[in-house]
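J.: Structure file query-v9.cif, mmCIF, C-alpha atoms, is pasted below:
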```cif
data_upload
#
loop_
_atom_site.group_PDB
_atom_site.id
_atom_site.type_symbol
_atom_site.label_atom_id
_atom_site.label_comp_id
_atom_site.auth_asym_id
_atom_site.auth_seq_id
_atom_site.Cartn_x
_atom_site.Cartn_y
_atom_site.Cartn_z
ATOM 1 C CA MET A 241 129.444 108.958 115.213
ATOM 2 C CA GLY A 242 127.369 111.229 117.491
ATOM 3 C CA ALA A 243 123.847 110.364 118.660
ATOM 4 C CA ASP A 244 122.283 113.093 116.467
ATOM 5 C CA ASN A 245 124.123 111.827 113.446
ATOM 6 C CA GLN A 246 123.093 108.247 114.157
ATOM 7 C CA GLN A 247 119.476 109.360 114.456
ATOM 8 C CA GLU A 248 119.689 111.257 111.164
ATOM 9 C CA ARG A 249 121.156 108.223 109.436
ATOM 10 C CA LEU A 250 118.392 105.981 110.787
ATOM 11 C CA ASP A 251 115.781 108.507 109.642
ATOM 12 C CA SER A 252 117.292 108.604 106.139
ATOM 13 C CA TRP A 253 117.405 104.809 106.066
ATOM 14 C CA ILE A 254 113.681 104.741 106.970
ATOM 15 C CA ALA A 255 112.919 107.222 104.154
ATOM 16 C CA GLY A 256 114.780 104.999 101.688
ATOM 17 C CA PHE A 257 113.071 101.863 102.939
ATOM 18 C CA VAL A 258 109.619 103.472 102.756
ATOM 19 C CA ASP A 259 110.390 104.770 99.248
ATOM 20 C CA GLY A 260 110.697 101.092 98.343
ATOM 21 C CA GLU A 261 108.242 99.354 100.625
ATOM 22 C CA GLY A 262 105.836 101.896 102.076
ATOM 23 C CA CYS A 263 102.315 102.783 100.995
ATOM 24 C CA PHE A 264 100.287 105.925 101.539
ATOM 25 C CA HIS A 265 96.656 105.138 100.908
ATOM 26 C CA VAL A 266 93.296 106.865 101.248
ATOM 27 C CA ALA A 267 90.203 104.645 101.170
ATOM 28 C CA ILE A 268 86.679 106.044 101.057
ATOM 29 C CA ASN A 269 84.266 103.456 102.343
ATOM 30 C CA ARG A 270 80.493 103.249 102.589
ATOM 31 C CA GLN A 271 79.649 103.797 106.261
ATOM 32 C CA PRO A 272 75.945 104.420 106.961
ATOM 33 C CA LYS A 273 76.670 105.587 110.521
ATOM 34 C CA MET A 274 78.625 108.616 109.252
ATOM 35 C CA THR A 275 76.736 111.848 108.547
ATOM 36 C CA LEU A 276 77.497 111.767 104.809
ATOM 37 C CA GLY A 277 77.272 107.955 104.594
ATOM 38 C CA TRP A 278 80.979 107.619 103.730
ATOM 39 C CA GLN A 279 84.109 107.279 105.829
ATOM 40 C CA VAL A 280 87.493 108.573 104.723
ATOM 41 C CA LEU A 281 90.160 106.139 105.915
ATOM 42 C CA PRO A 282 93.755 107.243 105.317
ATOM 43 C CA GLU A 283 96.440 104.749 106.159
ATOM 44 C CA PHE A 284 100.214 104.426 106.083
ATOM 45 C CA ARG A 285 101.488 100.880 105.698
ATOM 46 C CA VAL A 286 104.760 98.993 105.402
ATOM 47 C CA VAL A 287 104.476 95.282 104.598
ATOM 48 C CA GLN A 288 107.288 92.787 105.183
ATOM 49 C CA HIS A 289 107.819 89.061 105.343
ATOM 50 C CA LYS A 290 107.370 87.966 108.963
ATOM 51 C CA LYS A 291 111.088 87.223 109.226
ATOM 52 C CA ASP A 292 111.613 91.011 109.027
ATOM 53 C CA THR A 293 109.060 91.977 111.683
ATOM 54 C CA GLN A 294 111.968 93.367 113.716
ATOM 55 C CA THR A 295 112.452 95.992 110.983
ATOM 56 C CA LEU A 296 108.795 97.012 111.285
ATOM 57 C CA ARG A 297 109.228 97.312 115.080
ATOM 58 C CA MET A 298 112.252 99.535 114.598
ATOM 59 C CA ILE A 299 110.269 101.881 112.328
ATOM 60 C CA GLN A 300 107.265 101.799 114.698
ATOM 61 C CA LYS A 301 109.506 102.791 117.609
ATOM 62 C CA ARG A 302 111.058 105.663 115.665
ATOM 63 C CA VAL A 303 107.833 107.165 114.298
ATOM 64 C CA GLY A 304 106.112 106.614 117.642
ATOM 65 C CA CYS A 305 102.844 105.192 116.335
ATOM 66 C CA GLY A 306 101.183 102.333 114.474
ATOM 67 C CA ILE A 307 100.394 98.714 115.162
ATOM 68 C CA ILE A 308 102.029 95.595 113.780
ATOM 69 C CA THR A 309 99.555 93.048 112.517
ATOM 70 C CA VAL A 310 99.177 90.229 110.004
ATOM 71 C CA ASN A 311 98.919 91.374 106.385
ATOM 72 C CA HIS A 312 98.344 88.015 104.731
ATOM 73 C CA ASP A 313 99.984 84.596 104.763
ATOM 74 C CA ASP A 314 103.572 85.020 105.932
ATOM 75 C CA ARG A 315 103.542 88.810 105.755
ATOM 76 C CA ASN A 316 103.157 91.303 108.573
ATOM 77 C CA GLU A 317 102.482 95.004 108.304
ATOM 78 C CA LEU A 318 103.114 98.155 110.272
ATOM 79 C CA ARG A 319 99.862 100.077 109.942
ATOM 80 C CA VAL A 320 99.224 103.647 111.053
ATOM 81 C CA ARG A 321 95.698 105.046 111.174
ATOM 82 C CA GLY A 322 94.102 108.013 112.947
ATOM 83 C CA ILE A 323 94.638 111.660 112.103
ATOM 84 C CA ASN A 324 96.944 112.483 115.014
ATOM 85 C CA ASN A 325 99.190 109.498 114.317
ATOM 86 C CA LEU A 326 99.197 110.248 110.599
ATOM 87 C CA MET A 327 100.206 113.839 111.323
ATOM 88 C CA LYS A 328 103.336 112.372 112.955
ATOM 89 C CA ILE A 329 103.965 110.345 109.804
ATOM 90 C CA VAL A 330 103.493 113.402 107.591
ATOM 91 C CA GLY A 331 105.853 115.388 109.841
ATOM 92 C CA PHE A 332 108.481 112.656 109.635
ATOM 93 C CA PHE A 333 108.490 112.480 105.834
ATOM 94 C CA ARG A 334 108.454 116.254 105.469
ATOM 95 C CA ILE A 335 111.867 116.254 107.153
ATOM 96 C CA ASN A 336 113.129 112.932 105.761
ATOM 97 C CA LYS A 337 112.284 113.311 102.127
ATOM 98 C CA LEU A 338 111.231 110.540 99.787
ATOM 99 C CA LYS A 339 113.142 110.496 96.499
ATOM 100 C CA THR A 340 111.067 108.315 94.164
ATOM 101 C CA SER A 341 107.749 109.114 92.506
ATOM 102 C CA LYS A 342 106.160 107.954 95.779
ATOM 103 C CA LEU A 343 106.851 111.520 96.896
ATOM 104 C CA ASN A 344 103.874 112.642 94.775
ATOM 105 C CA ASN A 345 101.593 110.194 96.548
ATOM 106 C CA PHE A 346 102.925 111.361 99.876
ATOM 107 C CA LYS A 347 102.189 115.011 99.044
ATOM 108 C CA LYS A 348 98.592 114.147 98.142
ATOM 109 C CA PHE A 349 98.310 112.088 101.315
ATOM 110 C CA ALA A 350 99.605 115.031 103.371
ATOM 111 C CA THR A 351 96.997 117.307 101.750
ATOM 112 C CA VAL A 352 94.210 114.869 102.684
ATOM 113 C CA ILE A 353 95.443 114.621 106.292
ATOM 114 C CA LYS A 354 95.508 118.419 106.562
ATOM 115 C CA MET A 355 91.974 118.668 105.149
ATOM 116 C CA MET A 356 90.739 116.030 107.600
ATOM 117 C CA LYS A 357 92.413 117.802 110.523
ATOM 118 C CA GLU A 358 90.364 120.852 109.473
ATOM 119 C CA GLY A 359 87.205 118.715 109.353
ATOM 120 C CA LYS A 360 86.668 119.206 105.623
ATOM 121 C CA HIS A 361 85.818 115.531 105.056
ATOM 122 C CA LEU A 362 82.627 116.081 107.068
ATOM 123 C CA LYS A 363 81.166 118.352 104.392
ATOM 124 C CA ARG A 364 80.063 117.198 100.977
ATOM 125 C CA THR A 365 82.358 119.528 99.012
ATOM 126 C CA GLY A 366 85.409 118.540 101.077
ATOM 127 C CA LEU A 367 84.581 114.839 100.809
ATOM 128 C CA LYS A 368 84.324 115.097 97.033
ATOM 129 C CA GLU A 369 87.637 116.971 96.857
ATOM 130 C CA ILE A 370 89.319 114.283 98.984
ATOM 131 C CA ALA A 371 87.802 111.528 96.829
ATOM 132 C CA GLU A 372 89.205 113.203 93.724
ATOM 133 C CA ILE A 373 92.677 113.436 95.232
ATOM 134 C CA ALA A 374 92.474 109.820 96.432
ATOM 135 C CA ALA A 375 91.455 108.662 92.942
ATOM 136 C CA THR A 376 94.750 109.979 91.518
ATOM 137 C CA MET A 377 96.844 108.254 94.210
ATOM 138 C CA ASN A 378 96.299 104.645 93.314
ATOM 139 C CA LYS A 379 94.951 104.467 89.820
ATOM 140 C CA LYS A 380 94.347 100.734 89.989
ATOM 141 C CA ILE A 381 91.559 101.124 92.524
ATOM 142 C CA LYS A 382 88.434 102.844 91.265
ATOM 143 C CA SER A 383 86.753 105.112 93.760
ATOM 144 C CA LYS A 384 83.550 103.550 95.074
ATOM 145 C CA TYR A 385 82.565 106.985 96.281
ATOM 146 C CA LEU A 386 83.079 108.797 92.974
ATOM 147 C CA GLU A 387 81.246 106.011 91.127
ATOM 148 C CA SER A 388 78.299 105.951 93.503
ATOM 149 C CA SER A 389 74.908 107.209 92.398
ATOM 150 C CA GLU A 390 75.004 109.842 95.146
ATOM 151 C CA THR A 391 77.961 111.533 93.520
ATOM 152 C CA ILE A 392 76.847 111.077 89.939
ATOM 153 C CA ARG A 393 73.302 112.357 90.251
ATOM 154 C CA MET B 200 123.217 120.902 106.440
ATOM 155 C CA GLY B 201 126.901 120.394 105.483
ATOM 156 C CA ALA B 202 127.986 118.547 102.342
ATOM 157 C CA ASP B 203 129.337 115.594 104.381
ATOM 158 C CA ASN B 204 126.109 115.300 106.268
ATOM 159 C CA GLN B 205 124.074 115.462 103.071
ATOM 160 C CA GLN B 206 126.235 112.712 101.581
ATOM 161 C CA GLU B 207 125.767 110.546 104.671
ATOM 162 C CA ARG B 208 122.012 111.021 104.530
ATOM 163 C CA LEU B 209 121.925 110.077 100.845
ATOM 164 C CA ASP B 210 124.036 106.989 101.588
ATOM 165 C CA SER B 211 121.681 105.940 104.392
ATOM 166 C CA TRP B 212 118.693 106.529 102.118
ATOM 167 C CA ILE B 213 120.315 104.252 99.503
ATOM 168 C CA ALA B 214 120.884 101.549 102.163
ATOM 169 C CA GLY B 215 117.204 101.743 103.152
ATOM 170 C CA PHE B 216 116.041 101.673 99.546
ATOM 171 C CA VAL B 217 118.263 98.690 98.722
ATOM 172 C CA ASP B 218 117.046 96.891 101.862
ATOM 173 C CA GLY B 219 113.625 97.092 100.245
ATOM 174 C CA GLU B 220 114.339 96.880 96.527
ATOM 175 C CA GLY B 221 117.866 95.584 95.980
ATOM 176 C CA CYS B 222 119.036 92.082 95.150
ATOM 177 C CA PHE B 223 122.406 90.407 95.683
ATOM 178 C CA HIS B 224 122.573 87.345 93.492
ATOM 179 C CA VAL B 225 125.142 84.740 92.506
ATOM 180 C CA ALA B 226 124.371 82.633 89.427
ATOM 181 C CA ILE B 227 126.482 79.669 88.379
ATOM 182 C CA ASN B 228 125.966 78.989 84.707
ATOM 183 C CA ARG B 229 127.123 76.291 82.325
ATOM 184 C CA GLN B 230 129.860 77.853 80.196
ATOM 185 C CA PRO B 231 131.898 75.362 78.128
ATOM 186 C CA LYS B 232 134.546 77.988 77.348
ATOM 187 C CA MET B 233 135.563 78.252 81.015
ATOM 188 C CA THR B 234 138.249 75.909 82.363
ATOM 189 C CA LEU B 235 135.862 74.157 84.768
ATOM 190 C CA GLY B 236 132.892 74.398 82.372
ATOM 191 C CA TRP B 237 130.990 76.737 84.711
ATOM 192 C CA GLN B 238 130.908 80.499 85.119
ATOM 193 C CA VAL B 239 130.228 82.229 88.428
ATOM 194 C CA LEU B 240 128.172 85.356 87.763
ATOM 195 C CA PRO B 241 127.576 87.583 90.784
ATOM 196 C CA GLU B 242 125.273 90.523 90.279
ATOM 197 C CA PHE B 243 123.797 93.414 92.245
ATOM 198 C CA ARG B 244 120.464 94.645 90.950
ATOM 199 C CA VAL B 245 117.822 97.245 91.752
ATOM 200 C CA VAL B 246 114.620 97.058 89.715
ATOM 201 C CA GLN B 247 112.154 99.943 89.420
ATOM 202 C CA HIS B 248 109.215 100.969 87.302
ATOM 203 C CA LYS B 249 110.533 103.044 84.401
ATOM 204 C CA LYS B 250 108.948 106.177 85.867
ATOM 205 C CA ASP B 251 111.582 105.913 88.635
ATOM 206 C CA THR B 252 114.607 105.486 86.364
ATOM 207 C CA GLN B 253 115.886 108.780 87.766
ATOM 208 C CA THR B 254 116.229 107.064 91.162
ATOM 209 C CA LEU B 255 118.332 104.316 89.577
ATOM 210 C CA ARG B 256 120.540 106.980 87.953
ATOM 211 C CA MET B 257 121.039 108.677 91.304
ATOM 212 C CA ILE B 258 122.193 105.398 92.887
ATOM 213 C CA GLN B 259 124.384 104.601 89.864
ATOM 214 C CA LYS B 260 126.065 107.999 90.160
ATOM 215 C CA ARG B 261 126.695 107.559 93.889
ATOM 216 C CA VAL B 262 128.103 104.010 93.756
ATOM 217 C CA GLY B 263 130.084 104.871 90.621
ATOM 218 C CA CYS B 264 129.281 101.746 88.623
ATOM 219 C CA GLY B 265 126.595 99.715 86.904
ATOM 220 C CA ILE B 266 124.430 100.056 83.833
ATOM 221 C CA ILE B 267 120.753 100.900 83.532
ATOM 222 C CA THR B 268 118.867 98.561 81.246
ATOM 223 C CA VAL B 269 115.416 97.103 80.652
ATOM 224 C CA ASN B 270 114.358 94.468 83.197
ATOM 225 C CA HIS B 271 111.027 93.466 81.672
ATOM 226 C CA ASP B 272 107.906 95.237 80.456
ATOM 227 C CA ASP B 273 107.756 98.667 82.074
ATOM 228 C CA ARG B 274 110.591 97.989 84.506
ATOM 229 C CA ASN B 275 114.197 99.109 84.323
ATOM 230 C CA GLU B 276 117.102 97.888 86.400
ATOM 231 C CA LEU B 277 120.420 99.166 87.661
ATOM 232 C CA ARG B 278 122.736 96.189 87.219
ATOM 233 C CA VAL B 279 126.286 95.888 88.498
ATOM 234 C CA ARG B 280 128.551 93.053 87.326
ATOM 235 C CA GLY B 281 132.315 92.527 87.309
ATOM 236 C CA ILE B 282 134.480 91.883 90.355
ATOM 237 C CA ASN B 283 136.008 95.357 90.579
ATOM 238 C CA ASN B 284 132.623 97.062 90.354
ATOM 239 C CA LEU B 285 131.112 94.635 92.845
ATOM 240 C CA MET B 286 133.947 95.348 95.280
ATOM 241 C CA LYS B 287 132.773 98.981 95.218
ATOM 242 C CA ILE B 288 129.245 97.783 96.018
ATOM 243 C CA VAL B 289 130.499 95.597 98.867
ATOM 244 C CA GLY B 290 132.550 98.517 100.222
ATOM 245 C CA PHE B 291 129.520 100.803 100.079
ATOM 246 C CA PHE B 292 127.242 98.450 102.045
ATOM 247 C CA ARG B 293 129.938 97.645 104.593
ATOM 248 C CA ILE B 294 129.815 101.319 105.594
ATOM 249 C CA ASN B 295 126.101 101.892 104.965
ATOM 250 C CA LYS B 296 124.607 98.915 106.699
ATOM 251 C CA LEU B 297 121.511 97.038 105.655
ATOM 252 C CA LYS B 298 119.039 96.460 108.477
ATOM 253 C CA THR B 299 116.697 93.721 107.222
ATOM 254 C CA SER B 300 117.432 90.018 106.769
ATOM 255 C CA LYS B 301 118.878 91.020 103.379
ATOM 256 C CA LEU B 302 122.023 91.745 105.390
ATOM 257 C CA ASN B 303 122.632 87.968 105.578
ATOM 258 C CA ASN B 304 122.461 87.682 101.800
ATOM 259 C CA PHE B 305 124.807 90.624 101.468
ATOM 260 C CA LYS B 306 127.370 89.010 103.797
ATOM 261 C CA LYS B 307 127.331 85.809 101.726
ATOM 262 C CA PHE B 308 127.617 87.871 98.554
ATOM 263 C CA ALA B 309 130.617 89.741 100.012
ATOM 264 C CA THR B 310 132.276 86.398 100.844
ATOM 265 C CA VAL B 311 131.808 85.199 97.253
ATOM 266 C CA ILE B 312 133.238 88.434 95.830
ATOM 267 C CA LYS B 313 136.294 88.108 98.104
ATOM 268 C CA MET B 314 136.798 84.480 97.029
ATOM 269 C CA MET B 315 136.534 85.455 93.358
ATOM 270 C CA LYS B 316 138.997 88.308 93.826
ATOM 271 C CA GLU B 317 141.406 85.646 95.148
ATOM 272 C CA GLY B 318 140.686 83.456 92.105
ATOM 273 C CA LYS B 319 139.145 80.638 94.135
ATOM 274 C CA HIS B 320 136.278 80.160 91.669
ATOM 275 C CA LEU B 321 138.828 78.902 89.131
ATOM 276 C CA LYS B 322 139.528 75.770 91.170
ATOM 277 C CA ARG B 323 137.098 72.932 91.674
ATOM 278 C CA THR B 324 137.055 73.142 95.509
ATOM 279 C CA GLY B 325 136.492 76.908 95.471
ATOM 280 C CA LEU B 326 133.769 76.632 92.831
ATOM 281 C CA LYS B 327 131.929 74.045 94.915
ATOM 282 C CA GLU B 328 132.219 76.202 98.023
ATOM 283 C CA ILE B 329 130.826 79.213 96.144
ATOM 284 C CA ALA B 330 127.983 77.077 94.743
ATOM 285 C CA GLU B 331 127.097 75.970 98.268
ATOM 286 C CA ILE B 332 127.021 79.552 99.542
ATOM 287 C CA ALA B 333 124.973 80.666 96.510
ATOM 288 C CA ALA B 334 122.473 77.847 97.116
ATOM 289 C CA THR B 335 121.651 79.300 100.555
ATOM 290 C CA MET B 336 121.157 82.835 99.193
ATOM 291 C CA ASN B 337 118.054 82.355 97.120
ATOM 292 C CA LYS B 338 116.430 79.137 98.145
ATOM 293 C CA LYS B 339 113.839 79.299 95.389
ATOM 294 C CA ILE B 340 116.427 78.701 92.688
ATOM 295 C CA LYS B 341 118.039 75.281 92.702
ATOM 296 C CA SER B 342 121.716 75.259 91.830
ATOM 297 C CA LYS B 343 122.236 73.873 88.323
ATOM 298 C CA TYR B 344 125.865 73.376 89.260
ATOM 299 C CA LEU B 345 125.243 71.435 92.482
ATOM 300 C CA GLU B 346 122.648 69.282 90.716
ATOM 301 C CA SER B 347 124.837 68.536 87.726
ATOM 302 C CA SER B 348 126.250 65.072 87.175
ATOM 303 C CA GLU B 349 129.797 66.456 87.409
ATOM 304 C CA THR B 350 129.253 67.479 91.012
ATOM 305 C CA ILE B 351 127.245 64.428 92.047
ATOM 306 C CA ARG B 352 129.513 61.738 90.703
#
```
So, in terms of structure tokens, how does the structure I just supplied come out?
T.:
Amino acid sequence: MGADNQQERLDSWIAGFVDGEGCFHVAINRQPKMTLGWQVLPEFRVVQHKKDTQTLRMIQKRVGCGIITVNHDDRNELRVRGINNLMKIVGFFRINKLKTSKLNNFKKFATVIKMMKEGKHLKRTGLKEIAEIAATMNKKIKSKYLESSETIR
Amino acid sequence: MGADNQQERLDSWIAGFVDGEGCFHVAINRQPKMTLGWQVLPEFRVVQHKKDTQTLRMIQKRVGCGIITVNHDDRNELRVRGINNLMKIVGFFRINKLKTSKLNNFKKFATVIKMMKEGKHLKRTGLKEIAEIAATMNKKIKSKYLESSETIR
């Protein structure tokens, strides 16, 4: 098996693993220091039992970003934050396609990263648009931003 | 991308997905109709929310065996039973290698399938050996067989 082929197979394995275990998430948190009073915090995360930390390291090495830290109890996570790092993540999964319904979440995530790269989260209209996208990504978590009096009034 | 390459990438994706979501399990159940009074029931399983049943169908089609059935509530599972089907599964994951600690479980599972193919589960010594392997695969579940009075006495 050639080196290119081996790399492709690893990349496809990572896509499969992330389809099962990965999470694309956009939080919008109250942050008085920010101009609009809210911070958009997108994050890519893979959580594993600490016995599989080596797997997280392998993914970290391949995608070229992220830190490995404690999630909770006996679980560690690979966590990627920061627009430039997350652009690498988006680039990776544009080539190595997800196959479950997580693909929809990823597409929304990619849209948010693009908007942030363009600085749209720093304006009220862009922030609201991002909050609306984020609210459809993980329906279990209500958006603190969209529910806040600032948005409602 | 050639057809071979596409197939390889799908296979690697499946290995990654199963590393996250798959389960190799060997149950040993009381079954008075069997000669030794116990039945060895190995099973490969992938559980997904029903919205991702299409993903289960894709894996089913590729591995060429298994049925898709309700797991519980809003979850479906791809379930493979039967020695000949499980030999296909073992063959698949020998080529398309798992990368997490689930690989250890898979290796034990493959050993059990080989022993069953050779009929070793039909003799008391083989059954005990299989029960001992199974007991190390999922430590949360105590072996009913190993704890039974038949084995202890």
J.: Would you write out, as a VMD selection string, every residue that the PyMOL selection byres ((chain B) within 9 of (chain A)) captures in this file?
T.: chain B and resid 204 207 to 220 250 to 251 253 to 254 297 to 300
J.: Quick check on the file I pasted: which residues fall under the PyMOL selection byres ((chain A and resi 276-287) around 6)? Write them as a PDB file with C-alpha atoms, keeping the file's coordinate frame.
T.:
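To be explicit, this is the file written out as expr-v3.pdb:
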```
ATOM      1  CA  GLU A 261     108.242  99.354 100.625  1.00  0.00           C
ATOM      2  CA  GLY A 262     105.836 101.896 102.076  1.00  0.00           C
ATOM      3  CA  CYS A 263     102.315 102.783 100.995  1.00  0.00           C
ATOM      4  CA  PHE A 264     100.287 105.925 101.539  1.00  0.00           C
ATOM      5  CA  HIS A 265      96.656 105.138 100.908  1.00  0.00           C
ATOM      6  CA  VAL A 266      93.296 106.865 101.248  1.00  0.00           C
ATOM      7  CA  ALA A 267      90.203 104.645 101.170  1.00  0.00           C
ATOM      8  CA  ILE A 268      86.679 106.044 101.057  1.00  0.00           C
ATOM      9  CA  ASN A 269      84.266 103.456 102.343  1.00  0.00           C
ATOM     10  CA  ARG A 270      80.493 103.249 102.589  1.00  0.00           C
ATOM     11  CA  GLN A 271      79.649 103.797 106.261  1.00  0.00           C
ATOM     12  CA  PRO A 272      75.945 104.420 106.961  1.00  0.00           C
ATOM     13  CA  MET A 274      78.625 108.616 109.252  1.00  0.00           C
ATOM     14  CA  THR A 275      76.736 111.848 108.547  1.00  0.00           C
ATOM     15  CA  GLN A 288     107.288  92.787 105.183  1.00  0.00           C
ATOM     16  CA  ASN A 316     103.157  91.303 108.573  1.00  0.00           C
ATOM     17  CA  GLU A 317     102.482  95.004 108.304  1.00  0.00           C
ATOM     18  CA  LEU A 318     103.114  98.155 110.272  1.00  0.00           C
ATOM     19  CA  ARG A 319      99.862 100.077 109.942  1.00  0.00           C
ATOM     20  CA  VAL A 320      99.224 103.647 111.053  1.00  0.00           C
ATOM     21  CA  ARG A 321      95.698 105.046 111.174  1.00  0.00           C
TER      22      ARG A 321
END
```
J.: Can you list, as number ranges by chain, the residues that the PyMOL selection byres ((chain B and resi 308-314) around 12) selects here?
T.: B: 222-227, 239-243, 280-293, 301-307, 315-322, 324-337
J.: Report, in Å to a single decimal, how far apart CA of Asn270 (chain B) and CA of Arg256 (chain B) are.
T.: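 Interatomic distance here is 14.7 Å.
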J.: How big is the axis-aligned box around the listed atoms of region 349-366 of chain A once 8 Å is added on each side, and where is its centre? Give both in Å to one decimal, as JSON.
T.:
```
{"center_x": 89.8, "center_y": 116.5, "center_z": 104.8, "size_x": 35.5, "size_y": 24.8, "size_z": 27.5}
```
J.: Could you work out how far CA of Gln206 (chain B) lies from CA of Val303 (chain A), giving the answer in Å with one decimal?
T.: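 These two atoms are separated by 23.0 Å.
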J.: Have a look at CA of Arg315 (chain A) and CA of Ser342 (chain B) and let me know their distance in Å, one decimal.
T.: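 We find that CA of Arg315 (chain A) and CA of Ser342 (chain B) lie 26.6 Å from each other.
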J.: Mind completing region 326-339 of chain B with N, CA and C atoms? Output as a PDB file, keeping the file's coordinate frame, please?
T.:
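Ended up saving to selection-v4.pdb:
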```
ATOM      1  N   LEU B 326     135.026  76.542  93.576  1.00  0.00           N
ATOM      2  CA  LEU B 326     133.769  76.632  92.831  1.00  0.00           C
ATOM      3  C   LEU B 326     132.641  75.948  93.600  1.00  0.00           C
ATOM      4  N   LYS B 327     132.953  74.784  94.159  1.00  0.00           N
ATOM      5  CA  LYS B 327     131.929  74.045  94.915  1.00  0.00           C
ATOM      6  C   LYS B 327     131.513  74.834  96.161  1.00  0.00           C
ATOM      7  N   GLU B 328     132.517  75.415  96.815  1.00  0.00           N
ATOM      8  CA  GLU B 328     132.219  76.202  98.023  1.00  0.00           C
ATOM      9  C   GLU B 328     131.314  77.394  97.688  1.00  0.00           C
ATOM     10  N   ILE B 329     131.642  78.076  96.581  1.00  0.00           N
ATOM     11  CA  ILE B 329     130.826  79.213  96.144  1.00  0.00           C
ATOM     12  C   ILE B 329     129.405  78.746  95.807  1.00  0.00           C
ATOM     13  N   ALA B 330     129.310  77.598  95.118  1.00  0.00           N
ATOM     14  CA  ALA B 330     127.983  77.077  94.743  1.00  0.00           C
ATOM     15  C   ALA B 330     127.158  76.765  95.982  1.00  0.00           C
ATOM     16  N   GLU B 331     127.815  76.292  97.028  1.00  0.00           N
ATOM     17  CA  GLU B 331     127.097  75.970  98.268  1.00  0.00           C
ATOM     18  C   GLU B 331     126.614  77.240  98.974  1.00  0.00           C
ATOM     19  N   ILE B 332     127.441  78.266  98.966  1.00  0.00           N
ATOM     20  CA  ILE B 332     127.021  79.552  99.542  1.00  0.00           C
ATOM     21  C   ILE B 332     125.848  80.109  98.731  1.00  0.00           C
ATOM     22  N   ALA B 333     126.014  80.112  97.395  1.00  0.00           N
ATOM     23  CA  ALA B 333     124.973  80.666  96.510  1.00  0.00           C
ATOM     24  C   ALA B 333     123.645  79.942  96.716  1.00  0.00           C
ATOM     25  N   ALA B 334     123.703  78.638  96.966  1.00  0.00           N
ATOM     26  CA  ALA B 334     122.473  77.847  97.116  1.00  0.00           C
ATOM     27  C   ALA B 334     121.685  78.258  98.358  1.00  0.00           C
ATOM     28  N   THR B 335     122.360  78.861  99.344  1.00  0.00           N
ATOM     29  CA  THR B 335     121.651  79.300 100.555  1.00  0.00           C
ATOM     30  C   THR B 335     121.145  80.739 100.424  1.00  0.00           C
ATOM     31  N   MET B 336     121.524  81.421  99.340  1.00  0.00           N
ATOM     32  CA  MET B 336     121.157  82.835  99.193  1.00  0.00           C
ATOM     33  C   MET B 336     119.763  83.027  98.645  1.00  0.00           C
ATOM     34  N   ASN B 337     119.406  82.259  97.660  1.00  0.00           N
ATOM     35  CA  ASN B 337     118.054  82.355  97.120  1.00  0.00           C
ATOM     36  C   ASN B 337     117.527  80.940  96.993  1.00  0.00           C
ATOM     37  N   LYS B 338     116.810  80.549  98.026  1.00  0.00           N
ATOM     38  CA  LYS B 338     116.430  79.137  98.145  1.00  0.00           C
ATOM     39  C   LYS B 338     115.433  78.692  97.082  1.00  0.00           C
ATOM     40  N   LYS B 339     114.824  79.670  96.409  1.00  0.00           N
ATOM     41  CA  LYS B 339     113.839  79.299  95.389  1.00  0.00           C
ATOM     42  C   LYS B 339     114.501  78.715  94.133  1.00  0.00           C
TER      43      LYS B 339
END
```
